[in-house]
>>> print(open('entry_37.cif').read())   # mmCIF, C-alpha atoms and all ligand atoms
data_run
#
loop_
_atom_site.label_atom_id
_atom_site.label_comp_id
_atom_site.auth_asym_id
_atom_site.auth_seq_id
_atom_site.Cartn_x
_atom_site.Cartn_y
_atom_site.Cartn_z
CA MET T 1 -16.46 -108.59 -62.48
CA ILE T 2 -14.53 -108.22 -59.22
CA ILE T 3 -14.21 -104.92 -57.44
CA GLY T 4 -11.97 -104.04 -54.54
CA HIS T 5 -13.75 -102.16 -51.75
CA LEU T 6 -12.05 -100.47 -48.82
CA SER T 7 -12.86 -97.61 -46.49
CA ASP T 8 -11.65 -95.66 -43.47
CA THR T 9 -7.93 -95.87 -44.12
CA HIS T 10 -7.32 -92.78 -41.93
CA LEU T 11 -3.92 -92.11 -43.48
CA GLY T 12 -1.96 -89.76 -41.27
CA ALA T 13 -3.49 -90.91 -37.98
CA CYS T 14 -1.00 -90.71 -35.11
CA ILE T 15 1.32 -88.32 -36.98
CA GLY T 16 3.17 -86.34 -34.37
CA SER T 17 1.38 -87.91 -31.44
CA GLU T 18 2.46 -91.55 -31.74
CA PRO T 19 5.24 -91.79 -34.33
CA GLU T 20 5.61 -95.51 -33.69
CA ARG T 21 2.03 -96.09 -34.83
CA GLU T 22 1.88 -93.74 -37.80
CA GLY T 23 3.12 -96.45 -40.15
CA ASP T 24 0.32 -98.83 -39.13
CA TYR T 25 -2.15 -96.97 -41.31
CA TYR T 26 0.25 -96.72 -44.26
CA ASN T 27 1.17 -100.41 -44.10
CA ALA T 28 -2.43 -101.57 -43.93
CA PHE T 29 -3.34 -99.32 -46.88
CA MET T 30 -0.43 -100.55 -49.00
CA GLU T 31 -1.26 -104.16 -48.12
CA ALA T 32 -4.82 -103.55 -49.33
CA ILE T 33 -3.45 -102.12 -52.59
CA GLU T 34 -1.24 -105.17 -53.07
CA ILE T 35 -4.19 -107.51 -52.56
CA PHE T 36 -6.27 -105.61 -55.14
CA ILE T 37 -3.44 -105.89 -57.65
CA LYS T 38 -2.88 -109.57 -56.94
CA GLU T 39 -6.58 -110.31 -57.29
CA HIS T 40 -6.78 -108.40 -60.58
CA VAL T 41 -9.80 -106.40 -59.48
CA ASP T 42 -11.52 -104.39 -62.23
CA PHE T 43 -11.54 -101.25 -60.13
CA VAL T 44 -11.23 -100.09 -56.53
CA ILE T 45 -13.78 -98.12 -54.51
CA HIS T 46 -12.73 -96.18 -51.41
CA SER T 47 -15.77 -95.19 -49.37
CA GLY T 48 -14.20 -92.28 -47.52
CA ASP T 49 -12.14 -91.24 -44.51
CA ILE T 50 -9.19 -91.69 -46.80
CA LEU T 51 -7.20 -89.30 -44.64
CA ASP T 52 -7.31 -88.87 -40.90
CA GLU T 53 -7.63 -85.11 -41.11
CA PRO T 54 -8.64 -82.61 -43.76
CA ARG T 55 -5.35 -80.73 -43.39
CA PRO T 56 -3.00 -83.67 -43.81
CA TYR T 57 0.74 -83.74 -43.38
CA GLY T 58 2.80 -84.52 -46.46
CA THR T 59 3.53 -88.14 -45.58
CA ALA T 60 -0.14 -89.08 -45.55
CA MET T 61 -0.57 -87.59 -49.03
CA LYS T 62 2.62 -89.22 -50.25
CA ILE T 63 1.42 -92.69 -49.24
CA LEU T 64 -2.01 -92.07 -50.75
CA LEU T 65 -0.44 -91.03 -54.06
CA GLN T 66 1.98 -93.96 -54.00
CA GLY T 67 -0.82 -96.46 -53.42
CA VAL T 68 -3.09 -95.03 -56.09
CA MET T 69 -0.22 -94.76 -58.57
CA GLU T 70 0.55 -98.42 -57.98
CA LEU T 71 -3.05 -99.25 -58.97
CA ARG T 72 -2.72 -97.00 -61.97
CA LYS T 73 0.37 -98.92 -63.12
CA HIS T 74 -1.82 -102.00 -63.24
CA ASP T 75 -4.66 -100.14 -65.00
CA ILE T 76 -6.93 -100.39 -61.99
CA PRO T 77 -9.14 -97.27 -61.64
CA PHE T 78 -9.45 -95.79 -58.15
CA LEU T 79 -12.87 -94.32 -57.33
CA PHE T 80 -13.47 -92.51 -54.07
CA THR T 81 -15.87 -90.49 -51.99
CA LEU T 82 -15.06 -88.33 -48.97
CA GLY T 83 -15.73 -88.90 -45.29
CA GLU T 84 -15.94 -86.27 -42.56
CA HIS T 85 -12.23 -86.71 -41.90
CA ASP T 86 -11.48 -85.67 -45.49
CA ILE T 87 -13.72 -82.61 -45.52
CA SER T 88 -12.68 -79.41 -43.79
CA ASN T 89 -15.15 -76.99 -42.25
CA VAL T 90 -13.29 -74.26 -44.05
CA PRO T 91 -14.63 -74.31 -47.60
CA SER T 92 -11.70 -75.51 -49.66
CA THR T 93 -10.71 -78.29 -52.04
CA PRO T 94 -10.42 -81.54 -50.09
CA HIS T 95 -6.96 -83.02 -50.52
CA PRO T 96 -8.01 -86.34 -52.10
CA ILE T 97 -9.47 -84.35 -55.01
CA LEU T 98 -5.82 -83.87 -56.06
CA LEU T 99 -5.94 -87.51 -57.20
CA GLN T 100 -8.53 -86.54 -59.76
CA LEU T 101 -6.52 -83.54 -60.92
CA GLN T 102 -3.56 -85.86 -61.42
CA GLY T 103 -5.79 -88.15 -63.49
CA ILE T 104 -5.14 -91.13 -61.21
CA GLY T 105 -8.35 -91.14 -59.21
CA ARG T 106 -12.01 -90.43 -59.82
CA TYR T 107 -14.20 -88.60 -57.31
CA ILE T 108 -17.68 -90.10 -57.32
CA GLY T 109 -19.13 -88.27 -54.31
CA ASP T 110 -21.04 -85.66 -56.32
CA GLY T 111 -24.04 -87.78 -57.28
CA GLU T 112 -22.99 -87.98 -60.94
CA PRO T 113 -23.03 -91.49 -62.41
CA TYR T 114 -19.70 -92.77 -63.64
CA GLU T 115 -19.36 -95.73 -65.98
CA VAL T 116 -16.40 -98.00 -65.45
CA GLY T 117 -15.66 -101.57 -66.53
CA GLY T 118 -19.26 -102.54 -67.30
CA ALA T 119 -20.67 -100.96 -64.14
CA THR T 120 -22.11 -97.59 -63.18
CA VAL T 121 -20.92 -96.16 -59.91
CA ILE T 122 -22.71 -93.28 -58.22
CA GLY T 123 -21.98 -91.85 -54.82
CA LEU T 124 -22.28 -89.02 -52.34
CA HIS T 125 -19.79 -87.49 -49.95
CA LYS T 126 -20.47 -87.58 -46.22
CA HIS T 127 -23.53 -85.66 -45.05
CA ARG T 128 -23.75 -84.73 -41.41
CA ARG T 129 -26.76 -85.44 -39.26
CA VAL T 130 -27.93 -81.85 -39.70
CA GLU T 131 -27.82 -82.35 -43.48
CA ARG T 132 -30.06 -85.39 -43.37
CA GLY T 133 -32.83 -83.72 -45.38
CA LYS T 134 -30.41 -82.85 -48.14
CA LEU T 135 -28.99 -86.35 -48.10
CA LEU T 136 -32.44 -87.90 -48.46
CA ARG T 137 -33.23 -85.58 -51.37
CA LYS T 138 -30.01 -86.56 -53.12
CA LEU T 139 -30.74 -90.25 -52.55
CA GLY T 140 -34.14 -89.60 -54.14
CA ASP T 141 -32.42 -88.04 -57.16
CA ILE T 142 -30.17 -91.08 -57.45
CA SER T 143 -33.13 -93.39 -57.19
CA ARG T 144 -34.83 -91.61 -60.11
CA GLN T 145 -31.69 -91.90 -62.27
CA LEU T 146 -31.34 -95.65 -61.76
CA PRO T 147 -33.55 -96.83 -64.69
CA ASN T 148 -31.26 -94.92 -67.09
CA LEU T 149 -28.02 -96.38 -65.76
CA SER T 150 -26.39 -99.33 -67.46
CA GLY T 151 -24.60 -102.43 -66.22
CA LYS T 152 -24.15 -103.34 -62.59
CA LYS T 153 -25.12 -100.44 -60.36
CA ILE T 154 -23.12 -99.46 -57.32
CA LEU T 155 -23.91 -96.80 -54.72
CA VAL T 156 -21.07 -95.40 -52.64
CA LEU T 157 -21.79 -93.61 -49.35
CA HIS T 158 -19.95 -92.61 -46.21
CA GLN T 159 -22.81 -92.77 -43.74
CA GLY T 160 -23.93 -94.93 -40.85
CA VAL T 161 -27.04 -97.04 -41.33
CA ARG T 162 -28.91 -97.91 -38.17
CA GLU T 163 -29.15 -101.61 -38.98
CA CYS T 164 -25.35 -101.83 -38.81
CA GLY T 165 -24.23 -98.85 -36.75
CA GLY T 166 -27.01 -98.52 -34.17
CA PRO T 167 -29.25 -95.62 -33.18
CA GLY T 168 -26.66 -92.85 -33.73
CA SER T 169 -26.67 -93.43 -37.49
CA GLU T 170 -27.92 -90.83 -39.98
CA LEU T 171 -29.87 -93.30 -42.08
CA SER T 172 -31.92 -96.44 -41.94
CA ILE T 173 -31.37 -99.09 -44.57
CA HIS T 174 -35.03 -98.52 -45.47
CA GLU T 175 -34.11 -95.05 -46.72
CA MET T 176 -31.66 -96.44 -49.25
CA PRO T 177 -32.83 -96.57 -52.85
CA THR T 178 -33.49 -100.10 -54.04
CA GLY T 179 -32.44 -101.37 -57.45
CA LEU T 180 -28.68 -101.28 -57.00
CA ASN T 181 -26.46 -104.34 -57.00
CA TYR T 182 -23.98 -103.21 -54.39
CA TYR T 183 -23.94 -100.53 -51.68
CA ALA T 184 -20.28 -99.73 -50.98
CA MET T 185 -20.41 -98.20 -47.53
CA GLY T 186 -17.86 -96.44 -45.37
CA HIS T 187 -17.85 -94.72 -41.95
CA LEU T 188 -18.40 -97.67 -39.61
CA HIS T 189 -15.10 -99.16 -38.59
CA LYS T 190 -16.76 -102.48 -37.89
CA PRO T 191 -17.58 -104.67 -40.89
CA CYS T 192 -21.24 -105.30 -41.60
CA ARG T 193 -23.25 -106.84 -44.41
CA LYS T 194 -26.99 -106.71 -45.13
CA ASP T 195 -29.11 -107.77 -48.06
CA TRP T 196 -31.08 -104.84 -49.38
CA GLY T 197 -33.59 -105.18 -52.21
CA THR T 198 -31.89 -107.36 -54.77
CA GLY T 199 -28.49 -106.02 -53.77
CA LEU T 200 -25.99 -106.24 -50.98
CA LEU T 201 -24.95 -103.47 -48.60
CA SER T 202 -21.52 -103.83 -47.08
CA TYR T 203 -19.09 -102.03 -44.82
CA PRO T 204 -15.56 -103.42 -45.08
CA GLY T 205 -14.63 -101.62 -41.84
CA ALA T 206 -11.41 -99.71 -41.26
CA THR T 207 -8.17 -101.03 -42.78
CA HIS T 208 -6.55 -100.45 -39.40
CA TRP T 209 -8.37 -99.91 -36.12
CA VAL T 210 -8.39 -96.29 -34.98
CA ASP T 211 -10.23 -96.21 -31.67
CA LEU T 212 -10.20 -98.50 -28.69
CA GLY T 213 -13.70 -99.71 -29.58
CA ASP T 214 -12.83 -100.66 -33.18
CA PRO T 215 -12.44 -104.36 -33.88
CA MET T 216 -8.88 -105.66 -34.01
CA GLU T 217 -9.52 -107.74 -37.12
CA CYS T 218 -9.42 -105.32 -40.04
CA GLY T 219 -9.83 -105.98 -43.70
CA ILE T 220 -11.09 -105.16 -47.15
CA CYS T 221 -13.75 -106.60 -49.44
CA LEU T 222 -13.52 -108.31 -52.78
CA VAL T 223 -16.93 -107.97 -54.36
CA ASP T 224 -17.97 -110.38 -57.09
CA LEU T 225 -20.58 -108.80 -59.31
CA SER T 226 -20.42 -111.40 -62.09
CA GLY T 227 -23.61 -113.19 -61.12
CA ASP T 228 -27.14 -111.94 -60.44
CA GLN T 229 -26.40 -111.54 -56.76
CA ALA T 230 -23.37 -109.66 -55.44
CA SER T 231 -21.15 -111.69 -53.16
CA VAL T 232 -18.43 -110.45 -50.87
CA GLU T 233 -15.24 -112.04 -49.68
CA ARG T 234 -13.66 -110.15 -46.82
CA ILE T 235 -9.90 -110.45 -46.62
CA LEU T 236 -8.21 -109.73 -43.32
CA LEU T 237 -5.09 -107.60 -43.38
CA LYS T 238 -1.90 -108.79 -41.70
CA ASN T 239 -0.52 -105.33 -41.03
CA VAL T 240 -2.68 -104.66 -38.03
CA ARG T 241 -1.24 -103.90 -34.62
CA PRO T 242 -2.58 -106.13 -31.84
CA LYS T 243 -4.36 -104.39 -29.01
CA ILE T 244 -4.77 -105.78 -25.56
CA MET T 245 -7.30 -104.58 -23.03
CA LEU T 246 -6.93 -106.17 -19.67
CA GLU T 247 -8.63 -105.82 -16.32
CA VAL T 248 -6.77 -107.66 -13.64
CA SER T 249 -6.50 -107.76 -9.86
CA ALA T 250 -3.19 -106.96 -8.17
CA ARG T 251 -3.07 -110.56 -6.96
CA GLU T 252 -3.08 -112.07 -10.43
CA LEU T 253 -1.09 -109.23 -12.01
CA GLU T 254 2.31 -110.93 -12.03
CA ALA T 255 1.06 -114.17 -13.57
CA LYS T 256 -0.90 -112.26 -16.18
CA LEU T 257 2.05 -110.06 -17.08
CA ALA T 258 4.36 -113.04 -17.41
CA GLU T 259 1.84 -114.58 -19.78
CA LEU T 260 1.56 -111.39 -21.85
CA GLU T 261 5.31 -110.87 -21.96
CA GLY T 262 5.92 -114.47 -22.97
CA ALA T 263 3.60 -114.35 -25.98
CA GLU T 264 4.70 -113.67 -29.55
CA TYR T 265 3.23 -110.71 -31.41
CA PRO T 266 3.60 -109.67 -35.04
CA LYS T 267 4.06 -106.09 -33.79
CA LYS T 268 4.43 -104.40 -30.42
CA PRO T 269 0.83 -104.48 -29.13
CA CYS T 270 -1.01 -101.49 -27.70
CA LEU T 271 -1.95 -102.11 -24.10
CA TRP T 272 -4.69 -100.77 -21.88
CA LEU T 273 -4.38 -102.13 -18.36
CA SER T 274 -6.61 -101.63 -15.37
CA ILE T 275 -5.55 -103.12 -12.04
CA SER T 276 -7.88 -103.39 -9.10
CA THR T 277 -5.82 -103.14 -5.96
CA ASP T 278 -6.11 -102.38 -2.24
CA ARG T 279 -2.62 -100.95 -2.02
CA GLU T 280 -0.67 -98.31 -3.89
CA LEU T 281 1.33 -99.84 -6.78
CA ASP T 282 4.56 -98.51 -8.23
CA MET T 283 3.00 -97.44 -11.50
CA GLN T 284 6.14 -95.85 -12.84
CA ALA T 285 8.16 -99.04 -12.51
CA LEU T 286 5.30 -101.02 -14.02
CA GLU T 287 5.00 -98.70 -16.97
CA LYS T 288 8.73 -98.82 -17.56
CA ARG T 289 8.71 -102.59 -17.56
CA LEU T 290 5.69 -102.88 -19.83
CA SER T 291 6.91 -100.38 -22.36
CA GLN T 292 9.69 -102.78 -23.34
CA ARG T 293 7.18 -105.11 -24.95
CA PHE T 294 4.09 -102.93 -25.38
CA ILE T 295 2.95 -99.53 -26.43
CA VAL T 296 1.39 -98.60 -23.13
CA LYS T 297 -1.73 -96.62 -23.92
CA LYS T 298 -3.05 -96.48 -20.40
CA ILE T 299 -2.44 -98.12 -17.05
CA LYS T 300 -4.58 -97.29 -14.10
CA GLN T 301 -5.16 -98.67 -10.65
CA GLU T 302 -8.67 -98.95 -9.31
CA PRO T 303 -8.92 -99.06 -5.52
CA VAL T 304 -10.88 -101.98 -4.07
CA GLN T 305 -12.20 -101.22 -0.64
CA ARG T 306 -11.72 -103.85 2.02
CA GLU T 307 -14.44 -104.41 4.55
CA GLY T 308 -13.82 -102.92 7.96
CA VAL T 309 -11.15 -100.56 6.75
CA ILE T 310 -11.70 -96.85 6.91
CA TYR T 311 -10.14 -94.90 4.13
CA PRO T 312 -9.24 -91.45 5.32
CA GLY T 313 -8.44 -90.39 1.77
CA ALA T 314 -11.92 -90.97 0.38
CA PRO T 315 -12.14 -89.02 -2.84
CA GLU T 316 -13.19 -85.43 -2.41
CA ILE T 317 -15.27 -83.83 -5.07
CA ASN T 318 -12.97 -82.42 -7.66
CA LEU T 319 -14.62 -79.19 -8.79
CA ASP T 320 -12.89 -79.08 -12.16
CA GLU T 321 -13.88 -82.64 -12.94
CA GLU T 322 -17.41 -82.01 -11.81
CA LEU T 323 -17.68 -78.88 -13.94
CA LYS T 324 -16.40 -80.81 -16.91
CA ARG T 325 -18.81 -83.67 -16.31
CA LEU T 326 -21.78 -81.32 -16.22
CA ALA T 327 -20.60 -79.37 -19.25
CA ILE T 328 -20.22 -82.56 -21.28
CA LYS T 329 -23.68 -83.60 -20.20
CA ALA T 330 -25.04 -80.30 -21.47
CA LEU T 331 -23.02 -79.99 -24.69
CA SER T 332 -22.29 -83.66 -25.56
CA ASN T 333 -19.09 -82.50 -27.21
CA GLU T 334 -15.88 -83.00 -25.34
CA SER T 335 -13.71 -80.82 -27.53
CA ALA T 336 -16.13 -77.89 -27.17
CA VAL T 337 -16.12 -78.41 -23.41
CA ASN T 338 -12.34 -78.49 -23.25
CA PHE T 339 -12.19 -75.35 -25.30
CA ALA T 340 -14.80 -73.59 -23.14
CA LEU T 341 -13.22 -74.56 -19.82
CA HIS T 342 -9.54 -74.30 -20.61
CA GLU T 343 -9.32 -71.59 -23.23
CA LEU T 344 -12.42 -69.46 -23.17
CA LEU T 345 -13.28 -69.32 -19.48
CA PRO T 346 -9.84 -68.16 -18.26
CA ARG T 347 -9.82 -65.33 -20.82
CA LEU T 348 -13.33 -64.23 -19.99
CA ALA T 349 -12.60 -64.42 -16.27
CA SER T 350 -9.63 -62.10 -16.66
CA GLY T 351 -11.49 -59.73 -18.94
CA GLU T 352 -9.44 -60.43 -22.06
CA LEU T 353 -12.38 -59.99 -24.39
CA ALA T 354 -10.46 -59.48 -27.63
CA GLU T 355 -8.41 -62.61 -26.96
CA ALA T 356 -11.55 -64.56 -26.10
CA LYS T 357 -13.15 -63.52 -29.39
CA GLU T 358 -10.03 -64.46 -31.31
CA ALA T 359 -9.94 -67.87 -29.58
CA VAL T 360 -13.59 -68.56 -30.48
CA TRP T 361 -12.91 -67.71 -34.10
CA ARG T 362 -9.82 -69.93 -34.20
CA PHE T 363 -11.71 -72.77 -32.57
CA PHE T 364 -14.54 -72.42 -35.06
CA LYS T 365 -12.22 -72.35 -38.05
CA GLY T 366 -10.30 -75.33 -36.75
CA GLY T 367 -13.51 -77.37 -36.69
CA GLY T 368 -13.10 -78.33 -33.04
CA TRP T 369 -16.80 -77.71 -32.43
CA ARG T 370 -17.76 -80.70 -34.53
CA ASP T 371 -18.92 -83.82 -32.81
CA ASN T 372 -16.25 -86.44 -32.42
CA GLU T 373 -17.17 -88.98 -35.00
CA ASP T 374 -15.58 -92.10 -36.41
MN MN J 401 -13.65 -93.33 -40.13
#
>>> encode(input="entry_37.cif", output="structure tokens", more="lines below")
Ligand SMILES: [Mn+2]
Amino acid sequence: MIIGHLSDTHLGACIGSEPEREGDYYNAFMEAIEIFIKEHVDFVIHSGDILDEPRPYGTAMKILLQGVMELRKHDIPFLFTLGEHDISNVPSTPHPILLQLQGIGRYIGDGEPYEVGGATVIGLHKHRRVERGKLLRKLGDISRQLPNLSGKKILVLHQGVRECGGPGSELSIHEMPTGLNYYAMGHLHKPCRKDWGTGLLSYPGATHWVDLGDPMECGICLVDLSGDQASVERILLKNVRPKIMLEVSARELEAKLAELEGAEYPKKPCLWLSISTDRELDMQALEKRLSQRFIVKKIKQEPVQREGVIYPGAPEINLDEELKRLAIKALSNESAVNFALHELLPRLASGELAEAKEAVWRFFKGGGWRDNED
């Protein structure tokens, strides 16, 4: 039995903000679908963050439906749970549930076991850190059901486990029920694999990198559950945009740029460039030149101070920046800070209390107060 496992497809990322990159997520997703069809997998599991936002634009939904319908044509069931990007703070039906209503997908994030192709799949949707107690209780319920489940047993979660995702994770692998053959994980954009009990826990990682810190090599997993021990083959996707992060001194800039511009890329790479320099550079000209071959995400110059030179323009304290720094330190939530400083504070300062109240309500409903998560 071979299953296809993917997660964190983030369909709809970059819509509106970076039109050139919107297709990256669609192409990677469709490539994953093609691989699953070519490999004749018995079924596909998506471990959540299917969409990039809970209120998706039509194109993201269109691609999702197209991909899942393609699987359906080949009689490959599509099972999914939901990540935090799929779930709105406003209580409503998450968009991917439409797949189930259309009869082309099966939601398995409700803790109910689902039998498919000689296996039983059981899963939960994303639980936030504050819902940890609830999550642990539900994992306990699942653990108690295991003896009654038949065939190969698969648990599907969209959570971080500390052993893969570090200290910020909601769970430790030691809190996972034992007795399952495969733990199909989502949420971490970096792939990770750990033996757990007699089974195997695995994150395939995102199908296309989303953040600067995500690995550039992205892929999906083919999971072989035929034998006693699950084994995973990770397949890298070709439809991934290269990203280049470069720190360079002004002296070596030209040589480095010539090298970058001379190289061949499957797609226009995203570029983050930091130049340490002791003189002012013509950033506009540089950006113009680089944008021919690259999607310039950020270029900045960092001043290097020469010995014996006095810099009259030593940076003054920027009050706004300082206020923001302190607020972030206190709230650890950049979007809440931006809201407080740029939307709420000006209204309060000018006595527009009704507007301030309205803004808070809108901000709350829009979910901007949530932590930024993967
Ligand atoms: Mn994600």
>>> atom_distance(input="entry_37.cif", atom1="CA of Gly117 in chain T", atom2="CA of Val44 in chain T")
11.0 Å
>>> closest_residue(input="entry_37.cif", among="T:Gly205, T:Gly179, T:Gly199, T:Gly105", to="Ser231 in chain T", atoms="all atoms listed in the file")
T:Gly199
>>> residues_near_ligand(input="entry_37.cif", ligand="ligand MN 401 (chain J)", cutoff="8 Å", atoms="only C-alpha atoms and all ligand atoms", output="list in words")
Ser7, Asp8, Thr9, His10, Gly48, Asp49, Asp52, Gly83, Glu84, His85, Gly186, His187, Leu188, His189, Ala206, Val210, Glu373 and Asp374 of chain T
>>> axis_aligned_box(input="entry_37.cif", around="range 82-94 of chain T", padding_each_side="5 Å", output="AutoDock Vina command-line options")
--center_x -13.2 --center_y -81.6 --center_z -47.0 --size_x 15.5 --size_y 24.6 --size_z 20.1
>>> closest_atom_pairs(input="entry_37.cif", of="range 36-80 of chain T", to="range 12-22 of chain T", cutoff="10 Å", atoms="all atoms listed in the file", output="JSON lines")
{"residue": "T:Ile50", "atom": "CA", "partner": "T:Gly12", "partner_atom": "CA", "distance": 9.3}
{"residue": "T:Leu51", "atom": "CA", "partner": "T:Gly12", "partner_atom": "CA", "distance": 6.2}
{"residue": "T:Asp52", "atom": "CA", "partner": "T:Ala13", "partner_atom": "CA", "distance": 5.2}
{"residue": "T:Glu53", "atom": "CA", "partner": "T:Gly12", "partner_atom": "CA", "distance": 7.3}
{"residue": "T:Arg55", "atom": "CA", "partner": "T:Gly12", "partner_atom": "CA", "distance": 9.9}
{"residue": "T:Pro56", "atom": "CA", "partner": "T:Gly12", "partner_atom": "CA", "distance": 6.7}
{"residue": "T:Tyr57", "atom": "CA", "partner": "T:Gly12", "partner_atom": "CA", "distance": 6.9}
{"residue": "T:Gly58", "atom": "CA", "partner": "T:Gly12", "partner_atom": "CA", "distance": 8.8}
{"residue": "T:Thr59", "atom": "CA", "partner": "T:Gly12", "partner_atom": "CA", "distance": 7.2}
{"residue": "T:Ala60", "atom": "CA", "partner": "T:Gly12", "partner_atom": "CA", "distance": 4.7}
{"residue": "T:Met61", "atom": "CA", "partner": "T:Gly12", "partner_atom": "CA", "distance": 8.2}
{"residue": "T:Ile63", "atom": "CA", "partner": "T:Gly12", "partner_atom": "CA", "distance": 9.1}
{"residue": "T:Leu64", "atom": "CA", "partner": "T:Gly12", "partner_atom": "CA", "distance": 9.8}
>>> closest_residue(input="entry_37.cif", among="T:Leu225, T:Leu99, T:Cys192, T:Leu237", to="Val41 in chain T", atoms="all atoms listed in the file")
T:Leu225
>>> atom_distance(input="entry_37.cif", atom1="CA of Pro269 in chain T", atom2="CA of Ile244 in chain T")
6.8 Å
>>> closest_atom_pairs(input="entry_37.cif", of="range 233-259 of chain T", to="range 33-40 of chain T", cutoff="12 Å", atoms="all atoms listed in the file", output="JSON lines")
{"residue": "T:Glu233", "atom": "CA", "partner": "T:Glu39", "partner_atom": "CA", "distance": 11.7}
{"residue": "T:Arg234", "atom": "CA", "partner": "T:Ile35", "partner_atom": "CA", "distance": 11.4}
{"residue": "T:Ile235", "atom": "CA", "partner": "T:Ile35", "partner_atom": "CA", "distance": 8.7}
{"residue": "T:Leu236", "atom": "CA", "partner": "T:Ile35", "partner_atom": "CA", "distance": 10.3}
{"residue": "T:Leu237", "atom": "CA", "partner": "T:Ile35", "partner_atom": "CA", "distance": 9.2}
{"residue": "T:Lys238", "atom": "CA", "partner": "T:Ile35", "partner_atom": "CA", "distance": 11.2}
>>> atom_distance(input="entry_37.cif", atom1="CA of Thr93 in chain T", atom2="CA of Tyr107 in chain T")
12.1 Å
>>> closest_atom_pairs(input="entry_37.cif", of="range 181-244 of chain T", to="range 288-295 of chain T", cutoff="12 Å", atoms="only C-alpha atoms", output="tab-separated table")
residue	atom	partner	partner_atom	distance
T:Arg241	CA	T:Ile295	CA	10.2
T:Pro242	CA	T:Phe294	CA	9.8
T:Lys243	CA	T:Ile295	CA	9.1
T:Ile244	CA	T:Phe294	CA	9.3
>>> write_last_selection(input="entry_37.cif", atoms="C-alpha atoms", output="PDB file, keeping the file's coordinate frame")
ATOM      1  CA  ARG T 241      -1.240-103.900 -34.620  1.00  0.00           C
ATOM      2  CA  PRO T 242      -2.580-106.130 -31.840  1.00  0.00           C
ATOM      3  CA  LYS T 243      -4.360-104.390 -29.010  1.00  0.00           C
ATOM      4  CA  ILE T 244      -4.770-105.780 -25.560  1.00  0.00           C
TER       5      ILE T 244
END
>>> residues_around(input="entry_37.cif", residues="range 354-359 of chain T", least_positions_apart="3", cutoff="8 Å", atoms="all atoms listed in the file", output="count of residues only")
6
>>> closest_residue(input="entry_37.cif", among="T:Gly227, T:Pro96, T:Gly168, T:Pro177", to="Leu146 in chain T", atoms="only C-alpha atoms")
T:Pro177
>>> residues_around(input="entry_37.cif", residues="Val90 in chain T", least_positions_apart="5", cutoff="9 Å", atoms="all atoms listed in the file", output="list in words")
Lys365, Gly366 and Gly367 of chain T
>>> residues_around(input="entry_37.cif", residues="Ile104 in chain T", least_positions_apart="4", cutoff="9 Å", atoms="all atoms listed in the file", output="ChimeraX atom specification")
/T:65,68-69,71-72,77-78,98-100
>>> closest_residue(input="entry_37.cif", among="T:His208, T:Tyr203, T:Glu170, T:Tyr114", to="Val130 in chain T", atoms="all atoms listed in the file")
T:Glu170
>>> build_atoms(input="entry_37.cif", residues="range 231-242 of chain T", atoms="N, CA and C atoms", output="short mmCIF file (atom, residue, chain, number, x, y, z; two decimals), in the coordinates of the input")
data_model
loop_
_atom_site.label_atom_id
_atom_site.label_comp_id
_atom_site.auth_asym_id
_atom_site.auth_seq_id
_atom_site.Cartn_x
_atom_site.Cartn_y
_atom_site.Cartn_z
N SER T 231 -21.66 -110.96 -54.32
CA SER T 231 -21.15 -111.69 -53.16
C SER T 231 -19.83 -111.06 -52.73
N VAL T 232 -19.58 -111.15 -51.44
CA VAL T 232 -18.43 -110.45 -50.87
C VAL T 232 -17.51 -111.45 -50.18
N GLU T 233 -16.23 -111.31 -50.47
CA GLU T 233 -15.24 -112.04 -49.68
C GLU T 233 -14.44 -110.99 -48.92
N ARG T 234 -14.43 -111.12 -47.61
CA ARG T 234 -13.66 -110.15 -46.82
C ARG T 234 -12.29 -110.74 -46.55
N ILE T 235 -11.27 -109.97 -46.85
CA ILE T 235 -9.90 -110.45 -46.62
C ILE T 235 -9.30 -109.68 -45.46
N LEU T 236 -8.80 -110.39 -44.48
CA LEU T 236 -8.21 -109.73 -43.32
C LEU T 236 -6.80 -109.28 -43.66
N LEU T 237 -6.42 -108.14 -43.14
CA LEU T 237 -5.09 -107.60 -43.38
C LEU T 237 -4.14 -108.08 -42.28
N LYS T 238 -2.89 -108.31 -42.68
CA LYS T 238 -1.90 -108.79 -41.70
C LYS T 238 -1.28 -107.62 -40.95
N ASN T 239 -1.21 -106.48 -41.63
CA ASN T 239 -0.52 -105.33 -41.03
C ASN T 239 -1.38 -104.58 -40.03
N VAL T 240 -1.85 -105.31 -39.03
CA VAL T 240 -2.68 -104.66 -38.03
C VAL T 240 -2.03 -104.88 -36.67
N ARG T 241 -1.90 -103.80 -35.92
CA ARG T 241 -1.24 -103.90 -34.62
C ARG T 241 -2.19 -104.53 -33.59
N PRO T 242 -1.72 -105.54 -32.86
CA PRO T 242 -2.58 -106.13 -31.84
C PRO T 242 -2.90 -105.10 -30.76
#
